[in-house]
Structure formats: structure tokens, C-alpha cells
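Visitor: Coordinates in model22.cif, mmCIF, C-alpha atoms, are listed below.
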data_data
#
loop_
_atom_site.label_atom_id
_atom_site.label_comp_id
_atom_site.auth_asym_id
_atom_site.auth_seq_id
_atom_site.Cartn_x
_atom_site.Cartn_y
_atom_site.Cartn_z
CA MET A 906 -5.99 -15.97 -1.35
CA ALA A 907 -4.30 -12.61 -0.76
CA GLN A 908 -3.59 -10.45 -3.78
CA TYR A 909 -0.79 -7.89 -3.88
CA PRO A 910 -1.66 -5.17 -6.39
CA ASN A 911 0.30 -2.00 -6.97
CA VAL A 912 -2.38 0.38 -5.67
CA PHE A 913 -0.29 3.33 -6.80
CA SER A 914 -1.20 2.39 -10.36
CA ARG A 915 -4.47 4.24 -9.68
CA ILE A 916 -2.48 7.49 -9.85
CA GLY A 917 -0.26 6.43 -12.75
CA ILE A 918 2.72 4.93 -10.90
CA ASP A 919 3.95 1.78 -12.64
CA ASP A 920 5.08 -1.36 -10.81
CA GLU A 921 8.81 -0.84 -11.29
CA THR A 922 8.73 2.78 -10.11
CA ALA A 923 6.81 1.73 -7.00
CA ARG A 924 9.23 -1.14 -6.34
CA LYS A 925 12.22 1.19 -6.63
CA ARG A 926 10.68 3.62 -4.14
CA VAL A 927 10.34 0.82 -1.58
CA GLU A 928 13.98 -0.19 -2.07
CA GLU A 929 15.10 3.44 -1.72
CA CYS A 930 13.17 3.77 1.54
CA PHE A 931 14.70 0.56 2.88
CA GLN A 932 18.18 1.75 2.00
CA THR A 933 17.55 5.04 3.79
CA ILE A 934 16.31 3.41 7.00
CA PHE A 935 19.09 0.84 7.25
CA PHE A 936 22.12 2.36 5.54
CA ASP A 937 21.86 6.16 5.25
CA PRO A 938 24.45 7.58 7.70
CA GLU A 939 22.48 10.79 8.23
CA ASN A 940 18.82 9.81 7.97
CA GLY A 941 18.85 6.11 8.84
CA PHE A 942 18.19 4.68 12.28
CA TYR A 943 19.58 1.14 12.21
CA HIS A 944 22.90 0.59 13.99
CA ASP A 945 25.21 -2.39 14.35
CA VAL A 946 25.85 -2.99 18.06
CA ASP A 947 27.89 -6.20 18.24
CA ALA A 948 29.38 -8.23 15.42
CA ASP A 949 26.17 -10.30 15.40
CA SER A 950 23.57 -7.78 16.61
CA GLY A 951 22.05 -4.46 15.73
CA CYS A 952 19.20 -2.19 16.78
CA MET A 953 16.64 0.27 15.49
CA GLU A 954 16.99 3.62 17.28
CA ASP A 955 13.98 5.68 18.27
CA THR A 956 15.67 8.92 17.27
CA GLY A 957 13.24 11.03 19.26
CA ASN A 958 13.99 9.25 22.52
CA ILE A 959 17.47 7.81 21.86
CA ASP A 960 16.57 4.26 22.81
CA ALA A 961 15.69 0.93 21.24
CA ARG A 962 12.10 -0.23 21.71
CA THR A 963 10.38 -3.52 21.10
CA GLU A 964 8.12 -1.60 18.74
CA GLY A 965 11.03 -0.56 16.53
CA MET A 966 12.97 -3.81 16.87
CA SER A 967 10.00 -5.89 15.81
CA TYR A 968 9.14 -3.40 13.06
CA GLY A 969 12.69 -3.75 11.78
CA MET A 970 12.35 -7.53 11.78
CA MET A 971 9.15 -7.29 9.75
CA MET A 972 10.83 -4.91 7.31
CA THR A 973 13.83 -7.18 6.82
CA VAL A 974 11.85 -10.39 6.41
CA GLN A 975 9.66 -8.69 3.82
CA MET A 976 12.76 -7.45 1.99
CA ASP A 977 14.51 -10.84 2.23
CA ARG A 978 17.43 -9.59 4.32
CA LYS A 979 18.18 -12.48 6.66
CA ASP A 980 21.49 -10.91 7.70
CA LEU A 981 19.81 -7.84 9.14
CA PHE A 982 16.87 -9.81 10.54
CA ASP A 983 19.19 -12.07 12.53
CA LYS A 984 21.11 -9.09 13.93
CA LEU A 985 17.89 -7.44 15.12
CA TRP A 986 16.61 -10.67 16.64
CA CYS A 987 19.96 -11.33 18.32
CA PHE A 988 19.88 -7.88 19.96
CA SER A 989 16.28 -8.40 21.06
CA ARG A 990 16.99 -11.79 22.63
CA ARG A 991 20.33 -10.75 24.13
CA TYR A 992 19.36 -7.42 25.66
CA MET A 993 15.56 -7.22 25.89
CA TYR A 994 14.38 -10.75 26.67
CA GLN A 995 13.37 -11.32 30.30
CA LYS A 996 14.77 -14.57 31.72
CA GLU A 997 13.22 -14.37 35.19
CA GLY A 998 10.58 -12.66 37.29
CA LYS A 999 6.97 -11.96 36.48
CA TYR A 1000 7.93 -10.82 32.96
CA GLN A 1001 9.84 -14.00 32.13
CA GLY A 1002 9.36 -14.77 28.44
CA TYR A 1003 8.44 -11.16 27.62
CA PHE A 1004 10.73 -8.38 26.35
CA ALA A 1005 11.63 -5.13 28.14
CA TRP A 1006 9.98 -2.47 26.00
CA SER A 1007 12.79 0.13 26.14
CA VAL A 1008 16.56 -0.27 26.42
CA GLN A 1009 19.50 2.00 25.82
CA LEU A 1010 21.45 1.56 22.61
CA ASP A 1011 24.01 -0.56 24.47
CA GLY A 1012 21.24 -2.82 25.78
CA LYS A 1013 20.93 -1.48 29.35
CA HIS A 1014 17.29 -1.51 30.42
CA ASN A 1015 15.30 1.70 30.74
CA ALA A 1016 12.23 -0.29 31.79
CA GLU A 1017 11.41 -3.88 32.67
CA GLY A 1018 7.79 -4.18 31.59
CA PRO A 1019 6.73 -5.22 28.07
CA ALA A 1020 4.59 -3.50 25.45
CA PRO A 1021 2.34 -6.04 23.70
CA ASP A 1022 2.65 -4.51 20.25
CA GLY A 1023 6.28 -5.59 20.28
CA GLU A 1024 5.48 -9.19 21.10
CA GLU A 1025 2.88 -9.55 18.37
CA TYR A 1026 5.20 -8.14 15.72
CA PHE A 1027 8.11 -10.28 16.97
CA ALA A 1028 5.96 -13.41 16.65
CA MET A 1029 4.64 -12.60 13.17
CA ALA A 1030 8.07 -11.67 11.83
CA LEU A 1031 9.55 -14.88 13.23
CA PHE A 1032 6.88 -17.07 11.65
CA MET A 1033 7.52 -15.37 8.31
CA ALA A 1034 11.28 -15.83 8.72
CA ALA A 1035 10.70 -19.56 9.25
CA ALA A 1036 8.68 -19.69 6.04
CA ARG A 1037 11.17 -17.69 3.95
CA TRP A 1038 14.47 -19.07 5.20
CA GLY A 1039 13.77 -22.18 7.26
CA ASN A 1040 14.46 -22.71 10.96
CA GLY A 1041 17.93 -22.78 12.46
CA GLU A 1042 19.11 -23.72 15.92
CA GLY A 1043 18.76 -22.02 19.29
CA ILE A 1044 17.21 -18.59 19.05
CA TYR A 1045 17.21 -18.95 15.26
CA ASN A 1046 14.61 -21.71 15.45
CA TYR A 1047 12.24 -18.97 14.40
CA ALA A 1048 8.93 -20.81 14.53
CA GLU A 1049 9.51 -22.26 17.99
CA GLU A 1050 10.58 -18.85 19.29
CA ALA A 1051 7.39 -17.35 17.84
CA ARG A 1052 5.20 -20.02 19.44
CA ALA A 1053 6.91 -19.48 22.78
CA ILE A 1054 6.18 -15.75 22.62
CA LEU A 1055 2.49 -16.33 21.89
CA ARG A 1056 2.31 -19.00 24.61
CA HIS A 1057 3.44 -16.42 27.16
CA CYS A 1058 1.09 -13.79 25.72
CA VAL A 1059 -1.93 -15.99 26.40
CA HIS A 1060 -0.83 -18.14 29.37
CA GLN A 1061 1.61 -15.98 31.37
CA HIS A 1062 -0.58 -16.23 34.48
CA GLU A 1063 -0.33 -20.03 34.29
CA MET A 1064 3.38 -20.17 33.41
CA VAL A 1065 5.00 -17.55 35.64
CA GLN A 1066 4.32 -16.66 39.27
CA GLY A 1067 2.76 -13.21 39.43
CA GLY A 1068 2.56 -12.99 35.65
CA GLN A 1069 -0.24 -11.42 33.66
CA PRO A 1070 -1.20 -12.32 30.07
CA MET A 1071 -1.16 -9.74 27.29
CA TRP A 1072 -4.64 -10.65 26.07
CA GLU A 1073 -7.86 -10.41 28.07
CA ALA A 1074 -9.32 -13.91 28.14
CA SER A 1075 -12.92 -12.70 28.55
CA ASN A 1076 -13.04 -10.66 25.33
CA HIS A 1077 -9.87 -11.64 23.39
CA TYR A 1078 -8.64 -8.03 23.37
CA ILE A 1079 -4.96 -7.15 23.52
CA LYS A 1080 -4.13 -5.02 26.58
CA PHE A 1081 -2.15 -1.79 26.67
CA VAL A 1082 0.27 -3.52 29.06
CA PRO A 1083 -0.31 -6.86 30.83
CA GLU A 1084 -1.47 -5.27 34.09
CA THR A 1085 -4.07 -2.94 32.59
CA PRO A 1086 -7.76 -3.74 31.95
CA PHE A 1087 -7.93 -1.50 28.87
CA SER A 1088 -6.53 -1.49 25.36
CA ASP A 1089 -4.80 0.49 22.64
CA PRO A 1090 -6.82 0.33 19.40
CA SER A 1091 -3.66 0.54 17.30
CA TYR A 1092 -2.35 -2.67 18.88
CA HIS A 1093 -5.22 -4.62 17.31
CA LEU A 1094 -3.85 -6.61 14.35
CA PRO A 1095 -6.61 -9.01 13.27
CA HIS A 1096 -4.64 -9.96 10.15
CA PHE A 1097 -1.81 -11.23 12.36
CA TYR A 1098 -4.17 -13.12 14.65
CA GLN A 1099 -5.83 -14.84 11.71
CA LEU A 1100 -2.40 -16.13 10.70
CA PHE A 1101 -1.56 -17.08 14.29
CA SER A 1102 -4.69 -19.25 14.25
CA GLN A 1103 -2.90 -21.39 11.65
CA VAL A 1104 0.60 -21.65 13.16
CA ALA A 1105 0.48 -21.02 16.93
CA ASP A 1106 0.29 -23.89 19.42
CA GLU A 1107 -2.57 -26.04 18.22
CA ALA A 1108 -4.47 -25.70 21.49
CA ASP A 1109 -4.44 -21.91 21.15
CA ARG A 1110 -5.51 -21.66 17.53
CA PRO A 1111 -9.22 -21.21 18.35
CA PHE A 1112 -8.23 -18.37 20.72
CA TRP A 1113 -6.43 -16.54 17.93
CA ALA A 1114 -9.31 -17.04 15.51
CA GLU A 1115 -11.62 -15.45 18.09
CA ALA A 1116 -9.09 -12.66 18.68
CA ALA A 1117 -9.13 -11.80 14.97
CA LYS A 1118 -12.91 -11.52 14.98
CA ALA A 1119 -12.97 -9.56 18.25
CA SER A 1120 -10.31 -7.10 17.08
CA ARG A 1121 -12.10 -6.30 13.85
CA GLU A 1122 -15.18 -5.51 15.92
CA TYR A 1123 -13.21 -3.50 18.50
CA ILE A 1124 -11.55 -1.33 15.86
CA VAL A 1125 -15.03 -0.29 14.70
CA LEU A 1126 -16.43 -0.02 18.22
CA SER A 1127 -13.66 2.36 19.29
CA ALA A 1128 -13.82 4.57 16.18
CA HIS A 1129 -15.75 7.84 16.16
CA PRO A 1130 -18.93 7.47 14.05
CA VAL A 1131 -18.33 10.72 12.13
CA THR A 1132 -14.56 11.30 11.89
CA GLY A 1133 -13.39 7.67 11.93
CA MET A 1134 -10.72 8.53 14.51
CA ASN A 1135 -9.65 6.02 17.16
CA ALA A 1136 -8.12 7.02 20.46
CA GLU A 1137 -4.55 6.23 21.44
CA TYR A 1138 -5.90 4.32 24.45
CA ALA A 1139 -9.44 3.07 25.01
CA GLU A 1140 -11.55 1.15 27.49
CA TYR A 1141 -12.89 -2.25 26.54
CA ASP A 1142 -16.22 -0.62 25.67
CA GLY A 1143 -14.40 1.56 23.12
CA THR A 1144 -14.54 4.88 24.99
CA PRO A 1145 -11.33 6.94 24.92
CA LYS A 1146 -8.99 6.81 27.90
CA LEU A 1147 -6.88 9.94 28.28
CA MET A 1148 -3.44 9.22 29.73
CA PHE A 1149 0.05 10.64 30.29
CA GLY A 1150 -1.28 14.17 30.74
CA LYS A 1151 -2.63 14.41 27.20
CA PRO A 1152 -6.05 16.10 27.01
CA TYR A 1153 -6.57 14.83 23.45
CA ALA A 1154 -7.30 11.33 22.14
CA TYR A 1155 -6.19 11.19 18.48
CA TYR A 1156 -2.41 11.30 18.61
CA SER A 1157 0.65 9.28 17.64
CA ASP A 1158 -0.25 5.64 18.43
CA ALA A 1159 -3.73 6.09 17.03
CA TYR A 1160 -2.55 6.81 13.49
CA ARG A 1161 -1.64 3.14 13.06
CA VAL A 1162 -5.26 1.99 13.11
CA ALA A 1163 -5.83 3.10 9.51
CA MET A 1164 -2.65 1.31 8.43
CA ASN A 1165 -3.83 -1.85 10.18
CA ILE A 1166 -7.24 -1.72 8.52
CA ALA A 1167 -5.50 -1.36 5.17
CA LEU A 1168 -3.26 -4.40 5.67
CA ASP A 1169 -6.12 -6.52 6.98
CA THR A 1170 -8.08 -5.61 3.84
CA LEU A 1171 -5.13 -6.35 1.58
CA TRP A 1172 -4.52 -9.78 3.10
CA PHE A 1173 -8.03 -10.96 3.96
CA GLY A 1174 -10.52 -8.89 2.01
CA LYS A 1175 -12.83 -6.03 2.69
CA ASN A 1176 -14.71 -5.66 5.97
CA GLN A 1177 -17.41 -3.09 5.29
CA ALA A 1178 -17.52 -1.69 8.82
CA MET A 1179 -13.77 -1.12 8.86
CA SER A 1180 -13.90 0.30 5.35
CA ASP A 1181 -16.43 2.83 6.63
CA VAL A 1182 -13.99 3.84 9.39
CA VAL A 1183 -11.20 4.80 6.98
CA THR A 1184 -13.66 6.35 4.53
CA ARG A 1185 -14.73 8.76 7.28
CA LEU A 1186 -11.11 9.37 8.27
CA GLN A 1187 -10.07 10.34 4.75
CA ASP A 1188 -13.18 12.50 4.36
CA PHE A 1189 -12.40 14.33 7.60
CA PHE A 1190 -8.78 15.13 6.85
CA CYS A 1191 -9.28 16.01 3.19
CA GLU A 1192 -12.28 18.24 3.87
CA LYS A 1193 -11.44 19.72 7.28
CA VAL A 1194 -7.62 19.87 7.14
CA PRO A 1195 -6.87 20.30 3.42
CA ASP A 1196 -3.62 22.17 4.10
CA GLY A 1197 -2.14 19.22 6.04
CA ASP A 1198 -1.58 21.33 9.17
CA TYR A 1199 -2.30 18.41 11.46
CA LYS A 1200 -2.94 18.86 15.18
CA ALA A 1201 -3.82 16.69 18.14
CA TYR A 1202 -7.59 16.06 18.11
CA ASP A 1203 -10.53 15.01 20.16
CA LEU A 1204 -12.23 12.10 18.44
CA ASP A 1205 -14.97 14.38 17.12
CA GLY A 1206 -12.31 16.30 15.21
CA THR A 1207 -11.96 19.27 17.56
CA PRO A 1208 -8.33 20.40 17.20
CA HIS A 1209 -6.04 21.30 20.09
CA ASP A 1210 -3.23 23.84 19.94
CA GLU A 1211 -0.77 20.93 20.10
CA PRO A 1212 0.67 20.17 16.65
CA ALA A 1213 0.89 16.55 15.53
CA MET A 1214 4.29 15.19 16.56
CA HIS A 1215 4.27 12.85 13.56
CA PRO A 1216 2.49 14.60 10.67
CA LEU A 1217 4.10 12.45 7.98
CA ALA A 1218 2.71 9.36 9.69
CA ILE A 1219 -0.79 10.77 9.19
CA THR A 1220 -0.13 11.38 5.50
CA ALA A 1221 1.24 7.84 5.15
CA VAL A 1222 -1.65 6.04 6.84
CA LEU A 1223 -4.22 8.11 4.94
CA GLY A 1224 -2.50 6.94 1.76
CA ALA A 1225 -2.59 3.31 2.90
CA ALA A 1226 -6.25 3.70 3.85
CA SER A 1227 -7.06 3.96 0.14
CA ILE A 1228 -6.75 0.16 0.02
CA ALA A 1229 -9.97 -0.09 2.04
CA SER A 1230 -11.65 3.31 1.71
CA GLU A 1231 -14.63 4.26 -0.43
CA SER A 1232 -13.95 7.97 -0.05
CA LYS A 1233 -14.02 10.23 -3.08
CA HIS A 1234 -10.71 11.52 -1.72
CA ALA A 1235 -8.94 8.14 -1.82
CA ASP A 1236 -6.80 8.88 -4.87
CA GLU A 1237 -5.99 12.34 -3.51
CA CYS A 1238 -4.65 10.67 -0.35
CA LEU A 1239 -2.61 8.26 -2.45
CA ARG A 1240 -1.07 11.11 -4.41
CA ARG A 1241 -0.27 13.16 -1.31
CA PHE A 1242 1.53 10.21 0.19
CA TRP A 1243 3.45 9.35 -2.98
CA GLU A 1244 4.65 12.94 -3.30
CA ALA A 1245 5.69 13.23 0.36
CA PRO A 1246 9.41 12.67 1.06
CA MET A 1247 10.64 10.68 4.03
CA ARG A 1248 11.10 12.65 7.23
CA THR A 1249 14.49 13.91 8.36
CA GLY A 1250 15.58 15.18 11.76
CA LYS A 1251 15.05 14.09 15.33
CA ARG A 1252 11.55 12.61 15.00
CA ARG A 1253 12.13 10.67 11.80
CA TYR A 1254 11.98 7.16 13.35
CA TYR A 1255 8.24 6.70 13.92
CA ASP A 1256 7.11 8.59 10.81
CA ASN A 1257 9.46 6.67 8.55
CA CYS A 1258 8.54 3.28 10.01
CA LEU A 1259 4.89 3.91 9.15
CA TYR A 1260 5.93 5.48 5.84
CA PHE A 1261 7.81 2.32 4.87
CA PHE A 1262 5.04 -0.08 5.89
CA CYS A 1263 2.47 1.95 3.96
CA MET A 1264 4.74 2.22 0.94
CA MET A 1265 5.25 -1.56 0.96
CA MET A 1266 1.56 -2.40 1.14
CA LEU A 1267 0.52 0.10 -1.51
CA SER A 1268 3.20 -1.08 -3.92
CA GLY A 1269 2.18 -4.73 -3.49
CA GLN A 1270 5.29 -5.75 -1.56
CA TYR A 1271 3.91 -6.39 1.96
CA ARG A 1272 3.10 -10.08 1.71
CA ILE A 1273 2.12 -13.14 3.69
CA TYR A 1274 4.90 -15.71 4.12
CA LEU A 1275 3.71 -18.68 6.13
#
Mind turning the file's structure into C-alpha cells?
Guide:
Amino acid sequence: MAQYPNVFSRIGIDDETARKRVEECFQTIFFDPENGFYHDVDADSGCMEDTGNIDARTEGMSYGMMMTVQMDRKDLFDKLWCFSRRYMYQKEGKYQGYFAWSVQLDGKHNAEGPAPDGEEYFAMALFMAAARWGNGEGIYNYAEEARAILRHCVHQHEMVQGGQPMWEASNHYIKFVPETPFSDPSYHLPHFYQLFSQVADEADRPFWAEAAKASREYIVLSAHPVTGMNAEYAEYDGTPKLMFGKPYAYYSDAYRVAMNIALDTLWFGKNQAMSDVVTRLQDFFCEKVPDGDYKAYDLDGTPHDEPAMHPLAITAVLGAASIASESKHADECLRRFWEAPMRTGKRRYYDNCLYFFCMMMLSGQYRIYL
């Protein structure tokens, strides 16, 4: 049974103070006119804006749905889901049943292909909505919508002409995009898959149980044995795959791995191999980058001249990592995160999404509803 402690109590933060910080962060993201990034679009829909790229992405939309179901805000959840289904959902073609990963703020598509991290968050948020609020009709039959998403993720090649599934059947790994035979370590959410193995289509539940096991192993396989860093993109054998003209491997997407290890530990208990990964990661950053001047890195820790685009995200996930880490620096990472304010300015979206998730889990407010 999952436990939800206030981990911040280790540095003297009481439960009520931690709870208030989470509520303040939520209010900033959804209602602050200057620093928020949620917008109403129609009377019944709204979107999360990637403020660095001025678009709405399945990543952010599904993150917003997870935030609102955790905070018991059905009104906002339904607006986000309505926008996603109205403007992002693909009704035909090889991506039928998937969601276009990027659209303009009025819903016009920037791209047609999906990004699997969006689908997995959509499905988990919908299952939790069904548990918290009950199922409605149409697109608000949350559980059936979630099962349909996962059905496409696993069986797209059987359901849609020319379609490709989002998971590799041979190894149970999530793909970077359906057409690619490689992965993104930060997409691996074994804690979600373990829950999917209880509530997805019955025939697919063994698949999701295997996916949970495989992802825990892949997170370790793809992590550097000294620094604990994972690459943004990696081959199925765990070796980094450099893409999009970036000569470095540890960059924006990759930061989420530590956060994912933390939540898996919180919900399902400690996995020693994954604990070792975040222990090494905290050791590296606290001992090699004590001033917090984060860069882009090779997995062995060699810095590039490129500064980290999302430095607050690193601080946040290192704080969350204290849930699983055995590092002597764990409490130091907790304190650094607690003392760090939310980000303002153009790039605030990604940093503050990770900030909020990490703040929720460390305060004991990121919970399983099923």
C-alpha cells in the first residue's frame, strides 16, 4: 500500500506549510495572469501553453490533467480534456486514436504525429478522474477513453491501416515516436504501467505488468554508472542517441527520469538499482556543480558550453530524488528545492510543471486514485 509522507519534514517543514506551498504553486500555474500558463479557449475548453514555444502540447495538456485530478479540480480537468479531444485527437489516418503532439493555442495543428509521453499521461489522468469523480457520458466516460488510448498504444498496427504502436512488442519499451526503433528514458513510467496492469483492457494487463518490469530495468540500463545521468534519447540497448543537432546527451527531457524514479518509489517501494541511479545523480551535482551553474552534459558529466535551458527543473528533480536516494546530499537537495522560487519569464512552462509535480510528491500530495 502506497504511503504519502511529507518528505520535507526531514528539513523541518511541517505538513500544513508544505500543503500551502502546493496550493500556491497550483494557483500560480492556473490563475496568475503574469506567471501562469493555463488559458481558457472556449466556454468549455482550455489549454496549457508551452510559453517557450507558444503552443499547446500533449505533454503539457496531459500534465495539466494530472495536476487538476490530483488537486480535485474537475472543472479545469474537463476543460483540458475537452480541448485535447476537440483539437488534438486524430479521427482518421494512420494516427487515428492518437493525439497531435503540438497545436497552436487556437487548436490549429503544428504537427500530426503523436508523442507517446502525452498518451500515457492522458490515460493515467483519465483513470484517476474516473476513480475520483465517476464516469460521465461521451468523452467524459473517463475510464473508457483511457482504455481506448492504451488499446491504440499497443495495437495500432492491428487497428489502423499503416499504423504503428507506441510500445515495442519485443521488449515492452515505449518508443520515442511510433515510427522509431529507439526510446526516450524519461518516457518510462513503470508506476503508471503497474496501475495500467490493473485497469486496462483485461487482455492487455499482462503486457502492462511486463512493461513496468522492463521499464525499471531500462531506466537503470540507460543510466551512466558513475553520474547516474540518462540521455534524452537512447537506443534499446541503453546507449545514448544524439539527435536534433545536440552534441550532448543530458538535457531537458532527461531531467524527468529522476522525478519518475522518485514517484515509482513513493507509490511502489524502493528498487535498489534505481535508488543507486539517483544517489549517483545527487552526488554528481552536489559535488561537481555545487554553485548550481548547470550546463548541458555528456553522460559522464563532461560539461558543454551550452547552459541548461531549464535549470530549475534540475533543482526540482534532484529534490524529488531524495525520496529514493541514499546520498549524503539528499537533505541538501531537498532544502535547495524548497528554497527555490518558481520560474518566471519565457521558459517557465517546463520548469514549473516539473516543479509542481516534485512539490506534490515531496509534500505527500501526489497520490494514487484508482
Visitor: Selection in question (the file shown): the PyMOL selection byres ((chain A and resi 1207) around 12). Which residues does it include, as a compact mmCIF listing (two decimals) with C-alpha atoms, in the frame of the given file?
Guide:
# COMPACT_ATOMS: atom_id res chain seq x y z
CA VAL A 1131 -18.33 10.72 12.13
CA THR A 1132 -14.56 11.30 11.89
CA MET A 1134 -10.72 8.53 14.51
CA PRO A 1152 -6.05 16.10 27.01
CA TYR A 1153 -6.57 14.83 23.45
CA ALA A 1154 -7.30 11.33 22.14
CA TYR A 1155 -6.19 11.19 18.48
CA PHE A 1189 -12.40 14.33 7.60
CA PHE A 1190 -8.78 15.13 6.85
CA LYS A 1193 -11.44 19.72 7.28
CA VAL A 1194 -7.62 19.87 7.14
CA TYR A 1199 -2.30 18.41 11.46
CA LYS A 1200 -2.94 18.86 15.18
CA ALA A 1201 -3.82 16.69 18.14
CA TYR A 1202 -7.59 16.06 18.11
CA ASP A 1203 -10.53 15.01 20.16
CA LEU A 1204 -12.23 12.10 18.44
CA ASP A 1205 -14.97 14.38 17.12
CA GLY A 1206 -12.31 16.30 15.21
CA PRO A 1208 -8.33 20.40 17.20
CA HIS A 1209 -6.04 21.30 20.09
CA ASP A 1210 -3.23 23.84 19.94
CA GLU A 1211 -0.77 20.93 20.10
Visitor: Determine the residue set returned by the PyMOL selection byres ((chain A and resi 906-922) around 8) for the present structure, and present it as an MDAnalysis selection string.
Guide: chainID A and resid 923:926 1171:1174 1228 1236 1239:1240 1266:1273
Visitor: Any idea what the distance is between atom CA of A:Lys1233 and atom CA of A:Met1164?
Guide: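 Calculated distance between atom CA of A:Lys1233 and atom CA of A:Met1164 is 18.5 Å.
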Visitor: Go through A:Ala1051, A:Val974, A:Cys930, A:Cys1191 one by one, measure the shortest atom-to-atom distance of each to A:Ala1034 using only C-alpha atoms, and give the residue with the smallest value.
Guide: A:Val974
Visitor: Do you know which residues the PyMOL selection byres ((chain A and resi 1177) around 12) returns on this file, as an MDAnalysis selection string?
Guide: chainID A and resid 1121:1122 1125 1166 1169:1170 1174:1176 1178:1184 1229:1231
Visitor: Could you tell me how far atom CA of A:Ala1020 lies from atom CA of A:Cys1258, in Å and to one decimal?
Guide: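 If I compute the distance from atom CA of A:Ala1020 to atom CA of A:Cys1258, I get 17.3 Å.
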